[in-house]
Amino acid sequence: MNASAILECGVFLLLVIGLAWPLGAYMARVYTGESKWADRVLGPVERLIYKLSGVKPDAQMNWKQYAGAVLVFNLLGLLAVYLLQRVQLWLPINPAGMANVPPEVAWNTAVSFASNTNWQAYGGETTMSHLTQMLALTTQNFVSAATGMAVLVALIRGLKGRLTTDLGNFWVDLTRSTLHILLPLSVVLALLLVSQGVVQTLLGSVTVPLLEPTTGADGKSIVEQVIALGPAASQVAIKQLGTNGGGFFNVNSAHPLENPNAFANLLEVVSIILIPAALCFTFGRMVGAQKQGVALLLAMLVIFVPLMMLTVASENQANPVLTALGVDGTMGNWEGKELRFGPTSSAIWAVTTTAASNGSVNAMHDSFMPIGGLAPMWLMQLGEIIFGGTGSGLYGMLVYAFIAVFVAGLMVGRTPEYLGKKIEAFEMKMSALVILLPSAAVLIGTAIACSIPAGTGPLGNPGAHGFSEILYAFSSGSNNNGSAFGGLTVNGLFYTTAIGIVMLIGRFWVIVPVLALAGSLAKKKTVPPGAGTLATHTPLFIALVAGTIILVGALTFIPALALGPIVEHLALR
Amino acid sequence: MKQTLLIALRALLVLTLVTGVLYPLVVTGLAQLVFPAQANGSVLHSGGKAVGSTLIGQSFVGDKYLWGRPSATAPFAYNAAASTGSNLGPSNPALADAVKQRVATLRKADPANHAPVPADLVTTSGSGLDPDISAEAAAYQVARVARGRSATAATVQQAVAGCTQAPFLGFIGPARVNVLCVNLALDHLTVQP
């Protein structure tokens, strides 16, 4: 690894933390209703939305009402996305005349976007009409991200509340997340991206002549190039900020019109983890102890930074097979990478997009070196909690914090506490559910896919790498990431159905236990810290949380990883 | 429950209007107003006619042109209506075979050149539409292109230099050469956005 690669990693982290700090403070004020700025600018719109939707913003919800609202709202969103795809041919704003999407792909896409996964079993510029992209996909990009943030805020209220059942109002949290946070950031980012060359038009394509005619597969001479266009920038902005990741074009942010240069790339990669990082500061402010939020952020960084370095180092190594054929061995691994980004920016993106549950890509992960592919895969398998999705990352991380204090409590024989709340049997049961269900979905799904022809038939690569493709697919789906080892063809019946199911499990079977936790914590009284209380902001606690995550993640997934990337790595040497 | 369903339905409709209709349309309007060239694909013009996009690569195989990166798009290289990468894993024999063939093609076109082949020149890009090659890959081809169009190496080098972009801030991303830009310059076409 060279000096400029290290410098680039440093600049990236500084930018993220430097921007996350003020944003985190602003978000805390939005959720507590104290932001005068937000109220002055968009307050009237907010109140209009409540009026039109029939929401009583002052009504409090208990955890069951909150969970019910989350589930009903997301189910309706899912149905809307499904229906729009099934009838897009007969609707306007379809300049390329895209056909109706087949039912299995439409189902997969609907679950995918409603669950904030944005796994794509389709190629954007060859499948979706502009109307579908805007009305169905862009809308879900906003509201699925806002849903995650709302659930996190409910959990924070649970930690703060005393002897109460009130967790706030889902409709208010949803609307505020969308209107005061995601929307303004997206408008600014979208326009910055357009200034760099990301397209934003309602036209379907532009045709230009080729300087040198080329020959097609059928032997005919081709003299012009049809360049697909569309309202990309608006979708790219929210796909990055809302940890969605579903690209406008098939190759996502590797496409020059979705990510035109190194500056645009830096804007996009910072946007991936900006809100997840900022929510740590929001959490600290909302619970009244900033060091608590900083401790969780540091625990994330303790895992993130070494994996980032590992991936950057891996991708800056040449593929020995190609070097043996006379290829320059000093330039790194270039297959599937864009010249604008190169190995370093591609590797930083890969770990960032998988640490956060974003899943957009600026290079083809399938063509990464084995270790360069292992780190992103493991980051997803850890449960999308190292930054993770907007809101969902931090509520997952808080679950690990409960487990860490519980483990520490077992060691010294005391009832564990977190922020003055006793962590008891019910909390542990819910926490275990949160961790076990997605992990089981990854491993069982992979095992089934490996055992049947419908699972192994669509592989794009032979051998251990083929296994990695399947493992990656289920890791990505179950943890709502959405990136892929793209060689695997996933638009068939088996993968659209199976990945659809694990995406649902990974999202909603986690949200419900988390809200149950919030409800249970809110009912408890807050006990003052005593001499035996484990402080939850110290280096000891940070190490304990990070250690718990690595231990659970390693025990669950190292055997599977050994069969895929580790075998391939050893075979390549 | 029924009340929740009703609120959810109305909230979804209202939020769809805000985020799915107003947001993309407002951004489109502003983009077309402030950055029309970029918003419509950064198309280059020469004498009033479009000649390509500065961001989308084209396929070049002739001896008088600088070659871009291999492209995995189908059914022909640099199909800008259906972007895709090869998605070949590092251990896949198909990758080694493809690279072997590309190395042979480069060597055949320029038998006197014994330098190691720049990695980006024999590997497919992520999008299949990469407009750029590395400075090394451009330098590797200068002699061949000069011979192919009976020009001096200095002429070709000058065109390459005019189309080279330094790394962002001096250290982010590699230095890159826009292939279409070089070939347009070699063909003496003056272009405007």
# chains A, B, ... in the order shown; residues from 1 in each chain; ligands from 1
>>> residues_around(residues="stretch 447-461 of chain A", least_positions_apart="4", cutoff="9 Å", atoms="only C-alpha atoms", output="list in words")
Val442, Leu443, His465, Gly466, Phe467, Glu469, Ile470, Leu471, Phe485, Gly486, Gly487, Leu488, Thr489, Val490, Gly492, Leu493, Phe494, Tyr495 and Ala498 of chain A; Asn87, Leu88, Gly89, Ser91, Asn92 and Ala94 of chain B
>>> residues_around(residues="A:Asn319", least_positions_apart="5", cutoff="8 Å", atoms="only C-alpha atoms", output="VMD selection string")
(chain A and resid 329 332 to 333 369) or (chain B and resid 90)
>>> write_last_selection(atoms="C-alpha atoms", output="compact mmCIF listing (two decimals), in the first residue's frame")
# COMPACT_ATOMS: atom_id res chain seq x y z
CA GLY A 329 2.36 -6.42 -11.89
CA GLY A 332 -3.03 -3.63 -8.83
CA ASN A 333 -6.18 -5.58 -9.71
CA MET A 369 -9.14 -10.44 -5.24
CA PRO B 90 -9.72 -13.65 -10.17
>>> atom_distance(atom1="atom CA of B:Arg144", atom2="atom CA of B:Ala115")
13.1 Å
>>> residues_around(residues="A:Thr538", least_positions_apart="2", cutoff="12 Å", atoms="only C-alpha atoms", output="PyMOL selection string")
chain A and resi 291-296+298-299+534-536+540-545
>>> write_last_selection(atoms="N, CA, C and O atoms", output="PDB file, in the first residue's frame")
ATOM      1  N   LYS A 291     -20.682  11.219  25.107  1.00  0.00           N
ATOM      2  CA  LYS A 291     -19.628  10.196  25.083  1.00  0.00           C
ATOM      3  C   LYS A 291     -20.200   8.817  24.807  1.00  0.00           C
ATOM      4  O   LYS A 291     -19.505   7.954  24.282  1.00  0.00           O
ATOM      5  N   GLN A 292     -21.476   8.610  25.112  1.00  0.00           N
ATOM      6  CA  GLN A 292     -22.082   7.301  24.827  1.00  0.00           C
ATOM      7  C   GLN A 292     -22.164   7.062  23.320  1.00  0.00           C
ATOM      8  O   GLN A 292     -21.922   5.947  22.851  1.00  0.00           O
ATOM      9  N   GLY A 293     -22.504   8.106  22.569  1.00  0.00           N
ATOM     10  CA  GLY A 293     -22.568   7.991  21.112  1.00  0.00           C
ATOM     11  C   GLY A 293     -21.186   7.840  20.520  1.00  0.00           C
ATOM     12  O   GLY A 293     -20.971   7.043  19.606  1.00  0.00           O
ATOM     13  N   VAL A 294     -20.235   8.617  21.058  1.00  0.00           N
ATOM     14  CA  VAL A 294     -18.860   8.547  20.550  1.00  0.00           C
ATOM     15  C   VAL A 294     -18.293   7.139  20.766  1.00  0.00           C
ATOM     16  O   VAL A 294     -17.599   6.592  19.912  1.00  0.00           O
ATOM     17  N   ALA A 295     -18.607   6.538  21.918  1.00  0.00           N
ATOM     18  CA  ALA A 295     -18.090   5.188  22.208  1.00  0.00           C
ATOM     19  C   ALA A 295     -18.565   4.182  21.156  1.00  0.00           C
ATOM     20  O   ALA A 295     -17.788   3.362  20.670  1.00  0.00           O
ATOM     21  N   LEU A 296     -19.856   4.277  20.775  1.00  0.00           N
ATOM     22  CA  LEU A 296     -20.361   3.343  19.766  1.00  0.00           C
ATOM     23  C   LEU A 296     -19.717   3.603  18.409  1.00  0.00           C
ATOM     24  O   LEU A 296     -19.388   2.668  17.675  1.00  0.00           O
ATOM     25  N   LEU A 298     -16.735   4.773  17.933  1.00  0.00           N
ATOM     26  CA  LEU A 298     -15.364   4.249  17.989  1.00  0.00           C
ATOM     27  C   LEU A 298     -15.356   2.725  17.863  1.00  0.00           C
ATOM     28  O   LEU A 298     -14.493   2.150  17.191  1.00  0.00           O
ATOM     29  N   ALA A 299     -16.337   2.067  18.493  1.00  0.00           N
ATOM     30  CA  ALA A 299     -16.402   0.608  18.368  1.00  0.00           C
ATOM     31  C   ALA A 299     -16.594   0.206  16.904  1.00  0.00           C
ATOM     32  O   ALA A 299     -16.030  -0.787  16.440  1.00  0.00           O
ATOM     33  N   LEU A 534     -20.913  -1.024  35.050  1.00  0.00           N
ATOM     34  CA  LEU A 534     -19.903  -0.932  33.999  1.00  0.00           C
ATOM     35  C   LEU A 534     -20.140   0.350  33.219  1.00  0.00           C
ATOM     36  O   LEU A 534     -21.219   0.562  32.677  1.00  0.00           O
ATOM     37  N   ALA A 535     -19.106   1.227  33.198  1.00  0.00           N
ATOM     38  CA  ALA A 535     -19.249   2.459  32.419  1.00  0.00           C
ATOM     39  C   ALA A 535     -19.266   2.109  30.936  1.00  0.00           C
ATOM     40  O   ALA A 535     -18.452   1.319  30.481  1.00  0.00           O
ATOM     41  N   THR A 536     -20.219   2.696  30.198  1.00  0.00           N
ATOM     42  CA  THR A 536     -20.379   2.293  28.800  1.00  0.00           C
ATOM     43  C   THR A 536     -19.818   3.328  27.830  1.00  0.00           C
ATOM     44  O   THR A 536     -20.325   3.497  26.725  1.00  0.00           O
ATOM     45  N   LEU A 540     -12.467   0.203  27.671  1.00  0.00           N
ATOM     46  CA  LEU A 540     -12.791  -1.184  28.033  1.00  0.00           C
ATOM     47  C   LEU A 540     -14.105  -1.604  27.396  1.00  0.00           C
ATOM     48  O   LEU A 540     -14.215  -2.672  26.795  1.00  0.00           O
ATOM     49  N   PHE A 541     -15.106  -0.734  27.493  1.00  0.00           N
ATOM     50  CA  PHE A 541     -16.417  -1.062  26.934  1.00  0.00           C
ATOM     51  C   PHE A 541     -16.368  -1.131  25.403  1.00  0.00           C
ATOM     52  O   PHE A 541     -16.952  -2.019  24.780  1.00  0.00           O
ATOM     53  N   ILE A 542     -15.633  -0.187  24.795  1.00  0.00           N
ATOM     54  CA  ILE A 542     -15.503  -0.193  23.328  1.00  0.00           C
ATOM     55  C   ILE A 542     -14.899  -1.517  22.872  1.00  0.00           C
ATOM     56  O   ILE A 542     -15.375  -2.148  21.926  1.00  0.00           O
ATOM     57  N   ALA A 543     -13.841  -1.959  23.589  1.00  0.00           N
ATOM     58  CA  ALA A 543     -13.196  -3.231  23.237  1.00  0.00           C
ATOM     59  C   ALA A 543     -14.166  -4.386  23.451  1.00  0.00           C
ATOM     60  O   ALA A 543     -14.194  -5.347  22.673  1.00  0.00           O
ATOM     61  N   LEU A 544     -14.969  -4.281  24.506  1.00  0.00           N
ATOM     62  CA  LEU A 544     -15.917  -5.356  24.818  1.00  0.00           C
ATOM     63  C   LEU A 544     -16.982  -5.485  23.719  1.00  0.00           C
ATOM     64  O   LEU A 544     -17.303  -6.591  23.269  1.00  0.00           O
ATOM     65  N   VAL A 545     -17.505  -4.349  23.253  1.00  0.00           N
ATOM     66  CA  VAL A 545     -18.526  -4.378  22.195  1.00  0.00           C
ATOM     67  C   VAL A 545     -17.913  -4.911  20.904  1.00  0.00           C
ATOM     68  O   VAL A 545     -18.443  -5.841  20.274  1.00  0.00           O
TER      69      VAL A 545
END
>>> select_by_dssp(residues="chain B", states="helix (DSSP H, G or I)", output="JSON, numbers by chain")
{"B": [2, 3, 4, 5, 6, 7, 8, 9, 10, 11, 12, 13, 14, 15, 16, 17, 18, 19, 20, 21, 22, 23, 24, 25, 26, 27, 28, 29, 30, 31, 32, 33, 34, 36, 37, 38, 39, 93, 94, 95, 96, 97, 98, 99, 100, 101, 102, 103, 104, 105, 106, 107, 108, 109, 119, 120, 121, 135, 136, 137, 138, 139, 140, 141, 142, 143, 144, 145, 146, 147, 148, 153, 154, 155, 156, 157, 158, 159, 160, 161, 162, 179, 180, 181, 182, 183, 184, 185, 186]}
>>> select_by_dssp(residues="chain B", states="strand (DSSP E or B)", output="list in words")
Val43, Leu44, His45, Ser46, Lys49, Ala50, Val51, Gly52, Ser53, Val117, Asp132, Ile133, Ser134, Thr164, Gln165, Phe168, Ile172, Arg176, Val177, Asn178 and Gln192 of chain B
>>> write_last_selection(atoms="N, CA and C atoms", output="PDB file, in the first residue's frame")
ATOM      1  N   VAL B  43     -22.501  15.678 -23.859  1.00  0.00           N
ATOM      2  CA  VAL B  43     -22.264  15.379 -25.274  1.00  0.00           C
ATOM      3  C   VAL B  43     -21.331  16.433 -25.885  1.00  0.00           C
ATOM      4  N   LEU B  44     -20.351  15.946 -26.671  1.00  0.00           N
ATOM      5  CA  LEU B  44     -19.416  16.842 -27.360  1.00  0.00           C
ATOM      6  C   LEU B  44     -19.945  17.155 -28.755  1.00  0.00           C
ATOM      7  N   HIS B  45     -19.710  18.375 -29.220  1.00  0.00           N
ATOM      8  CA  HIS B  45     -20.149  18.748 -30.554  1.00  0.00           C
ATOM      9  C   HIS B  45     -18.971  19.234 -31.379  1.00  0.00           C
ATOM     10  N   SER B  46     -19.050  19.011 -32.670  1.00  0.00           N
ATOM     11  CA  SER B  46     -18.055  19.548 -33.589  1.00  0.00           C
ATOM     12  C   SER B  46     -18.801  20.096 -34.787  1.00  0.00           C
ATOM     13  N   LYS B  49     -22.500  19.429 -34.760  1.00  0.00           N
ATOM     14  CA  LYS B  49     -23.008  18.057 -34.716  1.00  0.00           C
ATOM     15  C   LYS B  49     -22.406  17.291 -33.543  1.00  0.00           C
ATOM     16  N   ALA B  50     -23.214  16.407 -32.952  1.00  0.00           N
ATOM     17  CA  ALA B  50     -22.720  15.601 -31.832  1.00  0.00           C
ATOM     18  C   ALA B  50     -21.662  14.630 -32.341  1.00  0.00           C
ATOM     19  N   VAL B  51     -20.577  14.469 -31.559  1.00  0.00           N
ATOM     20  CA  VAL B  51     -19.534  13.519 -31.967  1.00  0.00           C
ATOM     21  C   VAL B  51     -19.226  12.500 -30.872  1.00  0.00           C
ATOM     22  N   GLY B  52     -20.010  12.483 -29.795  1.00  0.00           N
ATOM     23  CA  GLY B  52     -19.735  11.533 -28.722  1.00  0.00           C
ATOM     24  C   GLY B  52     -19.943  12.193 -27.380  1.00  0.00           C
ATOM     25  N   SER B  53     -19.802  11.428 -26.316  1.00  0.00           N
ATOM     26  CA  SER B  53     -19.902  11.984 -24.974  1.00  0.00           C
ATOM     27  C   SER B  53     -18.534  11.903 -24.322  1.00  0.00           C
ATOM     28  N   VAL B 117       2.613  -5.232 -20.201  1.00  0.00           N
ATOM     29  CA  VAL B 117       1.365  -4.636 -20.688  1.00  0.00           C
ATOM     30  C   VAL B 117       0.620  -3.975 -19.531  1.00  0.00           C
ATOM     31  N   ASP B 132     -11.755   6.259 -20.090  1.00  0.00           N
ATOM     32  CA  ASP B 132     -10.342   6.584 -19.846  1.00  0.00           C
ATOM     33  C   ASP B 132      -9.432   5.357 -19.880  1.00  0.00           C
ATOM     34  N   ILE B 133      -8.138   5.642 -20.085  1.00  0.00           N
ATOM     35  CA  ILE B 133      -7.098   4.644 -19.809  1.00  0.00           C
ATOM     36  C   ILE B 133      -6.041   5.319 -18.946  1.00  0.00           C
ATOM     37  N   SER B 134      -5.148   4.516 -18.375  1.00  0.00           N
ATOM     38  CA  SER B 134      -4.105   5.085 -17.518  1.00  0.00           C
ATOM     39  C   SER B 134      -3.044   5.767 -18.377  1.00  0.00           C
ATOM     40  N   THR B 164      -5.042  14.482 -20.811  1.00  0.00           N
ATOM     41  CA  THR B 164      -4.701  13.810 -19.559  1.00  0.00           C
ATOM     42  C   THR B 164      -5.174  14.634 -18.369  1.00  0.00           C
ATOM     43  N   GLN B 165      -5.794  13.952 -17.410  1.00  0.00           N
ATOM     44  CA  GLN B 165      -6.214  14.631 -16.171  1.00  0.00           C
ATOM     45  C   GLN B 165      -5.409  14.094 -15.008  1.00  0.00           C
ATOM     46  N   PHE B 168      -7.258  13.665  -8.728  1.00  0.00           N
ATOM     47  CA  PHE B 168      -8.007  14.676  -7.992  1.00  0.00           C
ATOM     48  C   PHE B 168      -7.242  15.044  -6.716  1.00  0.00           C
ATOM     49  N   ILE B 172      -5.932  11.425  -5.328  1.00  0.00           N
ATOM     50  CA  ILE B 172      -7.104  10.548  -5.345  1.00  0.00           C
ATOM     51  C   ILE B 172      -7.390  10.080  -6.773  1.00  0.00           C
ATOM     52  N   ARG B 176      -5.445  10.024 -15.640  1.00  0.00           N
ATOM     53  CA  ARG B 176      -6.202   9.299 -16.659  1.00  0.00           C
ATOM     54  C   ARG B 176      -6.233  10.069 -17.976  1.00  0.00           C
ATOM     55  N   VAL B 177      -6.321   9.289 -19.056  1.00  0.00           N
ATOM     56  CA  VAL B 177      -6.313   9.852 -20.404  1.00  0.00           C
ATOM     57  C   VAL B 177      -7.642   9.507 -21.067  1.00  0.00           C
ATOM     58  N   ASN B 178      -8.373  10.536 -21.528  1.00  0.00           N
ATOM     59  CA  ASN B 178      -9.661  10.307 -22.184  1.00  0.00           C
ATOM     60  C   ASN B 178      -9.409   9.878 -23.636  1.00  0.00           C
ATOM     61  N   GLN B 192     -16.660  21.318 -28.945  1.00  0.00           N
ATOM     62  CA  GLN B 192     -17.210  22.124 -27.844  1.00  0.00           C
ATOM     63  C   GLN B 192     -18.263  21.285 -27.120  1.00  0.00           C
TER      64      GLN B 192
END
>>> residues_around(residues="B:Thr4", least_positions_apart="4", cutoff="10 Å", atoms="only C-alpha atoms", output="PDB file with all heavy atoms, in the first residue's frame")
ATOM      1  N   GLY A  54     -54.124  12.677   7.725  1.00  0.00           N
ATOM      2  CA  GLY A  54     -54.965  12.404   8.888  1.00  0.00           C
ATOM      3  C   GLY A  54     -54.178  12.012  10.115  1.00  0.00           C
ATOM      4  O   GLY A  54     -54.662  11.255  10.960  1.00  0.00           O
ATOM      5  N   VAL A  55     -52.958  12.528  10.241  1.00  0.00           N
ATOM      6  CA  VAL A  55     -52.105  12.186  11.385  1.00  0.00           C
ATOM      7  C   VAL A  55     -52.301  13.204  12.504  1.00  0.00           C
ATOM      8  O   VAL A  55     -52.331  14.413  12.241  1.00  0.00           O
ATOM      9  CB  VAL A  55     -50.620  12.178  10.956  1.00  0.00           C
ATOM     10  CG1 VAL A  55     -49.698  12.068  12.157  1.00  0.00           C
ATOM     11  CG2 VAL A  55     -50.356  11.055   9.967  1.00  0.00           C
ATOM     12  N   GLN A  65     -48.333  -0.403  18.803  1.00  0.00           N
ATOM     13  CA  GLN A  65     -48.919   0.510  17.818  1.00  0.00           C
ATOM     14  C   GLN A  65     -47.853   1.006  16.833  1.00  0.00           C
ATOM     15  O   GLN A  65     -48.098   1.112  15.634  1.00  0.00           O
ATOM     16  CB  GLN A  65     -49.557   1.710  18.530  1.00  0.00           C
ATOM     17  CG  GLN A  65     -50.799   1.324  19.322  1.00  0.00           C
ATOM     18  CD  GLN A  65     -51.210   2.419  20.300  1.00  0.00           C
ATOM     19  OE1 GLN A  65     -50.370   3.110  20.880  1.00  0.00           O
ATOM     20  NE2 GLN A  65     -52.512   2.564  20.482  1.00  0.00           N
ATOM     21  N   GLY A  68     -47.006  -1.776  14.513  1.00  0.00           N
ATOM     22  CA  GLY A  68     -48.109  -1.957  13.568  1.00  0.00           C
ATOM     23  C   GLY A  68     -48.064  -0.915  12.465  1.00  0.00           C
ATOM     24  O   GLY A  68     -48.226  -1.239  11.279  1.00  0.00           O
ATOM     25  N   ALA A  69     -47.818   0.351  12.844  1.00  0.00           N
ATOM     26  CA  ALA A  69     -47.758   1.414  11.839  1.00  0.00           C
ATOM     27  C   ALA A  69     -46.605   1.169  10.868  1.00  0.00           C
ATOM     28  O   ALA A  69     -46.751   1.319   9.652  1.00  0.00           O
ATOM     29  CB  ALA A  69     -47.596   2.773  12.531  1.00  0.00           C
ATOM     30  N   VAL A  70     -45.433   0.757  11.406  1.00  0.00           N
ATOM     31  CA  VAL A  70     -44.273   0.476  10.551  1.00  0.00           C
ATOM     32  C   VAL A  70     -44.620  -0.614   9.543  1.00  0.00           C
ATOM     33  O   VAL A  70     -44.386  -0.483   8.338  1.00  0.00           O
ATOM     34  CB  VAL A  70     -43.052   0.017  11.397  1.00  0.00           C
ATOM     35  CG1 VAL A  70     -41.945  -0.524  10.502  1.00  0.00           C
ATOM     36  CG2 VAL A  70     -42.530   1.161  12.248  1.00  0.00           C
ATOM     37  N   VAL A  72     -47.602  -1.884   8.526  1.00  0.00           N
ATOM     38  CA  VAL A  72     -48.668  -1.574   7.568  1.00  0.00           C
ATOM     39  C   VAL A  72     -48.152  -0.623   6.492  1.00  0.00           C
ATOM     40  O   VAL A  72     -48.369  -0.821   5.294  1.00  0.00           O
ATOM     41  CB  VAL A  72     -49.893  -0.966   8.290  1.00  0.00           C
ATOM     42  CG1 VAL A  72     -50.875  -0.394   7.292  1.00  0.00           C
ATOM     43  CG2 VAL A  72     -50.557  -2.020   9.159  1.00  0.00           C
ATOM     44  N   PHE A  73     -47.411   0.395   6.916  1.00  0.00           N
ATOM     45  CA  PHE A  73     -46.903   1.375   5.962  1.00  0.00           C
ATOM     46  C   PHE A  73     -45.955   0.720   4.953  1.00  0.00           C
ATOM     47  O   PHE A  73     -46.020   0.974   3.749  1.00  0.00           O
ATOM     48  CB  PHE A  73     -46.187   2.510   6.703  1.00  0.00           C
ATOM     49  CG  PHE A  73     -45.624   3.555   5.791  1.00  0.00           C
ATOM     50  CD1 PHE A  73     -46.467   4.446   5.139  1.00  0.00           C
ATOM     51  CD2 PHE A  73     -44.268   3.643   5.566  1.00  0.00           C
ATOM     52  CE1 PHE A  73     -45.955   5.407   4.278  1.00  0.00           C
ATOM     53  CE2 PHE A  73     -43.747   4.598   4.708  1.00  0.00           C
ATOM     54  CZ  PHE A  73     -44.599   5.480   4.070  1.00  0.00           C
TER      55      PHE A  73
ATOM     56  N   ALA B   8     -51.857   5.092   6.805  1.00  0.00           N
ATOM     57  CA  ALA B   8     -50.702   4.613   6.051  1.00  0.00           C
ATOM     58  C   ALA B   8     -50.898   4.869   4.561  1.00  0.00           C
ATOM     59  O   ALA B   8     -49.979   5.312   3.869  1.00  0.00           O
ATOM     60  CB  ALA B   8     -50.484   3.122   6.312  1.00  0.00           C
ATOM     61  N   LEU B   9     -52.100   4.608   4.081  1.00  0.00           N
ATOM     62  CA  LEU B   9     -52.382   4.793   2.662  1.00  0.00           C
ATOM     63  C   LEU B   9     -52.258   6.262   2.271  1.00  0.00           C
ATOM     64  O   LEU B   9     -51.615   6.614   1.282  1.00  0.00           O
ATOM     65  CB  LEU B   9     -53.806   4.286   2.367  1.00  0.00           C
ATOM     66  CG  LEU B   9     -54.157   4.105   0.900  1.00  0.00           C
ATOM     67  CD1 LEU B   9     -53.273   3.055   0.263  1.00  0.00           C
ATOM     68  CD2 LEU B   9     -55.624   3.710   0.759  1.00  0.00           C
ATOM     69  N   ARG B  10     -52.851   7.115   3.098  1.00  0.00           N
ATOM     70  CA  ARG B  10     -52.781   8.549   2.786  1.00  0.00           C
ATOM     71  C   ARG B  10     -51.353   9.069   2.902  1.00  0.00           C
ATOM     72  O   ARG B  10     -50.897   9.859   2.063  1.00  0.00           O
ATOM     73  CB  ARG B  10     -53.721   9.323   3.720  1.00  0.00           C
ATOM     74  CG  ARG B  10     -55.194   9.087   3.359  1.00  0.00           C
ATOM     75  CD  ARG B  10     -56.130   9.486   4.472  1.00  0.00           C
ATOM     76  NE  ARG B  10     -56.193  10.935   4.693  1.00  0.00           N
ATOM     77  CZ  ARG B  10     -57.025  11.500   5.574  1.00  0.00           C
ATOM     78  NH1 ARG B  10     -57.846  10.731   6.295  1.00  0.00           N
ATOM     79  NH2 ARG B  10     -57.037  12.791   5.738  1.00  0.00           N
TER      80      ARG B  10
END
>>> residues_around(residues="A:Arg176", least_positions_apart="3", cutoff="9 Å", atoms="only C-alpha atoms", output="number ranges by chain")
A: 30-31, 46, 146, 150, 171-173, 179-182
>>> write_last_selection(atoms="C-alpha atoms", output="mmCIF file, in the first residue's frame")
data_model
loop_
_atom_site.group_PDB
_atom_site.id
_atom_site.type_symbol
_atom_site.label_atom_id
_atom_site.label_comp_id
_atom_site.auth_asym_id
_atom_site.auth_seq_id
_atom_site.Cartn_x
_atom_site.Cartn_y
_atom_site.Cartn_z
ATOM 1 C CA VAL A 30 -35.252 17.573 14.441
ATOM 2 C CA TYR A 31 -36.399 14.522 16.395
ATOM 3 C CA GLU A 46 -44.798 19.130 7.570
ATOM 4 C CA ALA A 146 -36.823 7.120 7.076
ATOM 5 C CA ALA A 150 -37.801 6.268 12.992
ATOM 6 C CA TRP A 171 -45.843 9.114 11.343
ATOM 7 C CA VAL A 172 -44.097 12.127 12.846
ATOM 8 C CA ASP A 173 -40.694 10.417 12.936
ATOM 9 C CA LEU A 179 -38.686 16.133 5.065
ATOM 10 C CA HIS A 180 -36.069 17.729 7.298
ATOM 11 C CA ILE A 181 -33.131 15.360 6.819
ATOM 12 C CA LEU A 182 -33.197 13.201 3.696
#
>>> residues_around(residues="stretch 59-64 of chain B", least_positions_apart="2", cutoff="12 Å", atoms="only C-alpha atoms", output="ChimeraX atom specification")
/A:209-216,222-225 /B:52,56-57,66-73,76-80,102,105-106,108-110,128-132,141-151,156,179-180,182-184,186-187
>>> residues_around(residues="A:Tyr395", least_positions_apart="5", cutoff="10 Å", atoms="only C-alpha atoms", output="list in words")
Gly148, Met149, Val151, Leu152, Val153, Ala154, Leu155, Ile156, Ile385, Gly388, Gly389, Thr390, Tyr400, Ala401, Val510, Ile511, Val514 and Leu515 of chain A
>>> write_last_selection(atoms="C-alpha atoms", output="PDB file, in the first residue's frame")
ATOM      1  CA  GLY A 148     -35.063   2.790   9.838  1.00  0.00           C
ATOM      2  CA  MET A 149     -34.360   6.174  11.371  1.00  0.00           C
ATOM      3  CA  VAL A 151     -37.335   2.846  14.602  1.00  0.00           C
ATOM      4  CA  LEU A 152     -33.973   3.956  15.981  1.00  0.00           C
ATOM      5  CA  VAL A 153     -35.530   7.079  17.460  1.00  0.00           C
ATOM      6  CA  ALA A 154     -38.214   4.918  19.082  1.00  0.00           C
ATOM      7  CA  LEU A 155     -35.500   2.736  20.656  1.00  0.00           C
ATOM      8  CA  ILE A 156     -33.684   5.827  21.935  1.00  0.00           C
ATOM      9  CA  ILE A 385     -24.105  -2.724  12.311  1.00  0.00           C
ATOM     10  CA  GLY A 388     -25.099  -0.094   8.910  1.00  0.00           C
ATOM     11  CA  GLY A 389     -28.308   1.254   7.427  1.00  0.00           C
ATOM     12  CA  THR A 390     -29.790   4.638   8.335  1.00  0.00           C
ATOM     13  CA  TYR A 400     -24.735  -5.610  20.609  1.00  0.00           C
ATOM     14  CA  ALA A 401     -24.130  -3.067  23.372  1.00  0.00           C
ATOM     15  CA  VAL A 510     -35.429  -7.486  13.280  1.00  0.00           C
ATOM     16  CA  ILE A 511     -37.583  -4.354  13.492  1.00  0.00           C
ATOM     17  CA  VAL A 514     -36.142  -4.014  18.393  1.00  0.00           C
ATOM     18  CA  LEU A 515     -39.427  -2.200  18.986  1.00  0.00           C
TER      19      LEU A 515
END
